[in-house]
Amino acid sequence: MNLTDTLLAFILAGLAGLSMALQGSMNSALGKTIGQLEATAVVHLIGTVTAAGLLLLGLGKGDLARYADAPPYTYLGGVLSVVIIYLVVASIPRVGVAPATTAIIVGQVLTAALIDHLGLFGLKRISFSYLKLLGIALLAAGAWFLLSED
């Protein structure tokens, strides 16, 4: 991967993070109005309609007809999506967007490091190091500091 591709990937990941913070805030506000599980269902319904619309516009680059070729465990992403949105809707109103998002990131990075280290799901194995552990610990400390009152 060249530098331009790497930079683009980081920009896209940053935009995903920005979107997640906005989404979590909006989903939490919706959850306060209609209920947490209800907000989770509505958000997924809207997401499904949006994705289907994009596919109907011809924006998909894959082959949906090959759905049976995917390993069964890969479809658990839909279940995890419900879990994620529900937990975000439940946590943000209690602790705030910044601490909740930081805790989410700590959980993501810790899990991602484990997946990389073990090479799970057919991904390339990337070994874990003490420096990576230190980085995760510093992220966790940052989440704790964000929870403190000024």
# chains A, B, ... in the order shown; residues from 1 in each chain; ligands from 1

$ residues_around --residues "Val82 in chain A" --least-positions-apart "6" --cutoff "8 Å" --atoms "only C-alpha atoms" --output "compact mmCIF listing (two decimals) with C-alpha atoms, in the first residue's frame"
# COMPACT_ATOMS: atom_id res chain seq x y z
CA THR A 40 -32.16 0.61 17.87
CA ALA A 41 -34.88 -0.94 15.71
CA HIS A 44 -31.59 -0.35 11.70

$ residues_around --residues "Lys132 in chain A" --least-positions-apart "4" --cutoff "12 Å" --atoms "only C-alpha atoms" --output "PyMOL selection string"
chain A and resi 106+109-110+112-114+116-117+126-128+136-139

$ residues_around --residues "Pro71 in chain A" --least-positions-apart "5" --cutoff "12 Å" --atoms "only C-alpha atoms" --output "ChimeraX atom specification"
/A:66,76-77,121-122

$ residues_around --residues "range 26-30 of chain A" --least-positions-apart "2" --cutoff "6 Å" --atoms "only C-alpha atoms" --output "PyMOL selection string"
chain A and resi 23-24+32-33+39+89

$ write_last_selection --atoms "N, CA and C atoms" --output "PDB file, in the first residue's frame"
ATOM      1  N   GLN A  23     -23.519   9.714  15.241  1.00  0.00           N
ATOM      2  CA  GLN A  23     -24.564   8.692  15.265  1.00  0.00           C
ATOM      3  C   GLN A  23     -24.941   8.338  16.695  1.00  0.00           C
ATOM      4  N   GLY A  24     -23.963   8.135  17.530  1.00  0.00           N
ATOM      5  CA  GLY A  24     -24.237   7.785  18.922  1.00  0.00           C
ATOM      6  C   GLY A  24     -25.041   8.864  19.626  1.00  0.00           C
ATOM      7  N   LYS A  32     -34.000   8.538  24.028  1.00  0.00           N
ATOM      8  CA  LYS A  32     -34.666   9.251  25.120  1.00  0.00           C
ATOM      9  C   LYS A  32     -36.127   9.514  24.780  1.00  0.00           C
ATOM     10  N   THR A  33     -36.410   9.684  23.501  1.00  0.00           N
ATOM     11  CA  THR A  33     -37.767  10.008  23.074  1.00  0.00           C
ATOM     12  C   THR A  33     -38.629   8.765  22.911  1.00  0.00           C
ATOM     13  N   ALA A  39     -35.371   2.731  19.518  1.00  0.00           N
ATOM     14  CA  ALA A  39     -34.445   3.535  18.713  1.00  0.00           C
ATOM     15  C   ALA A  39     -33.505   2.634  17.925  1.00  0.00           C
ATOM     16  N   VAL A  89     -26.613   3.715  22.711  1.00  0.00           N
ATOM     17  CA  VAL A  89     -27.801   4.474  23.127  1.00  0.00           C
ATOM     18  C   VAL A  89     -27.935   4.454  24.652  1.00  0.00           C
TER      19      VAL A  89
END

$ atom_distance --atom1 "CA of Leu131 in chain A" --atom2 "CA of Ala143 in chain A"
18.5 Å

$ atom_distance --atom1 "CA of Gly60 in chain A" --atom2 "CA of Thr6 in chain A"
22.8 Å

$ residues_around --residues "Ala140 in chain A" --least-positions-apart "3" --cutoff "12 Å" --atoms "only C-alpha atoms" --output "JSON list (two decimals) with N, CA and C atoms, in the first residue's frame"
[["chain", "number", "residue", "atom", "x", "y", "z"],
["A", 99, "PRO", "N", -16.53, 10.55, 26.85],
["A", 99, "PRO", "CA", -16.08, 9.37, 27.59],
["A", 99, "PRO", "C", -16.61, 8.06, 27.01],
["A", 100, "ALA", "N", -17.87, 8.04, 26.59],
["A", 100, "ALA", "CA", -18.42, 6.80, 26.03],
["A", 100, "ALA", "C", -17.69, 6.43, 24.74],
["A", 101, "THR", "N", -17.45, 7.42, 23.89],
["A", 101, "THR", "CA", -16.76, 7.15, 22.63],
["A", 101, "THR", "C", -15.34, 6.67, 22.89],
["A", 102, "THR", "N", -14.69, 7.26, 23.88],
["A", 102, "THR", "CA", -13.33, 6.82, 24.21],
["A", 102, "THR", "C", -13.34, 5.39, 24.73],
["A", 103, "ALA", "N", -14.31, 5.05, 25.57],
["A", 103, "ALA", "CA", -14.42, 3.67, 26.06],
["A", 103, "ALA", "C", -14.70, 2.71, 24.90],
["A", 104, "ILE", "N", -15.53, 3.15, 23.97],
["A", 104, "ILE", "CA", -15.81, 2.34, 22.78],
["A", 104, "ILE", "C", -14.52, 2.09, 22.00],
["A", 105, "ILE", "N", -13.75, 3.13, 21.83],
["A", 105, "ILE", "CA", -12.49, 3.02, 21.08],
["A", 105, "ILE", "C", -11.52, 2.09, 21.81],
["A", 106, "VAL", "N", -11.44, 2.19, 23.14],
["A", 106, "VAL", "CA", -10.57, 1.29, 23.91],
["A", 106, "VAL", "C", -10.99, -0.16, 23.67],
["A", 107, "GLY", "N", -12.29, -0.43, 23.75],
["A", 107, "GLY", "CA", -12.78, -1.78, 23.49],
["A", 107, "GLY", "C", -12.49, -2.24, 22.08],
["A", 108, "GLN", "N", -12.66, -1.32, 21.12],
["A", 108, "GLN", "CA", -12.38, -1.66, 19.72],
["A", 108, "GLN", "C", -10.91, -1.99, 19.51],
["A", 109, "VAL", "N", -10.04, -1.15, 20.04],
["A", 109, "VAL", "CA", -8.60, -1.34, 19.82],
["A", 109, "VAL", "C", -8.11, -2.60, 20.51],
["A", 110, "LEU", "N", -8.58, -2.85, 21.73],
["A", 110, "LEU", "CA", -8.17, -4.06, 22.44],
["A", 110, "LEU", "C", -8.61, -5.31, 21.68],
["A", 133, "LEU", "N", 0.25, -2.59, 23.99],
["A", 133, "LEU", "CA", -0.44, -2.67, 25.27],
["A", 133, "LEU", "C", -0.38, -1.33, 26.01],
["A", 134, "LEU", "N", 0.77, -0.70, 25.98],
["A", 134, "LEU", "CA", 0.92, 0.63, 26.59],
["A", 134, "LEU", "C", -0.02, 1.63, 25.93],
["A", 135, "GLY", "N", -0.10, 1.59, 24.61],
["A", 135, "GLY", "CA", -1.00, 2.49, 23.89],
["A", 135, "GLY", "C", -2.45, 2.29, 24.31],
["A", 136, "ILE", "N", -2.87, 1.04, 24.46],
["A", 136, "ILE", "CA", -4.24, 0.74, 24.89],
["A", 136, "ILE", "C", -4.45, 1.22, 26.32],
["A", 137, "ALA", "N", -3.45, 1.02, 27.19],
["A", 137, "ALA", "CA", -3.55, 1.49, 28.57],
["A", 137, "ALA", "C", -3.69, 3.02, 28.61],
["A", 143, "ALA", "N", -9.84, 7.72, 28.76],
["A", 143, "ALA", "CA", -11.28, 7.55, 28.99],
["A", 143, "ALA", "C", -11.61, 7.87, 30.44],
["A", 144, "TRP", "N", -10.77, 7.40, 31.35],
["A", 144, "TRP", "CA", -10.99, 7.66, 32.78],
["A", 144, "TRP", "C", -10.91, 9.15, 33.07],
["A", 145, "PHE", "N", -9.91, 9.82, 32.50],
["A", 145, "PHE", "CA", -9.78, 11.28, 32.70],
["A", 145, "PHE", "C", -10.97, 12.04, 32.16],
["A", 146, "LEU", "N", -11.52, 11.57, 31.05],
["A", 146, "LEU", "CA", -12.70, 12.23, 30.48],
["A", 146, "LEU", "C", -13.91, 12.10, 31.38],
["A", 147, "LEU", "N", -13.95, 11.05, 32.20],
["A", 147, "LEU", "CA", -15.06, 10.87, 33.13],
["A", 147, "LEU", "C", -14.98, 11.79, 34.34]]

$ atom_distance --atom1 "CA of Met20 in chain A" --atom2 "CA of Leu7 in chain A"
19.8 Å
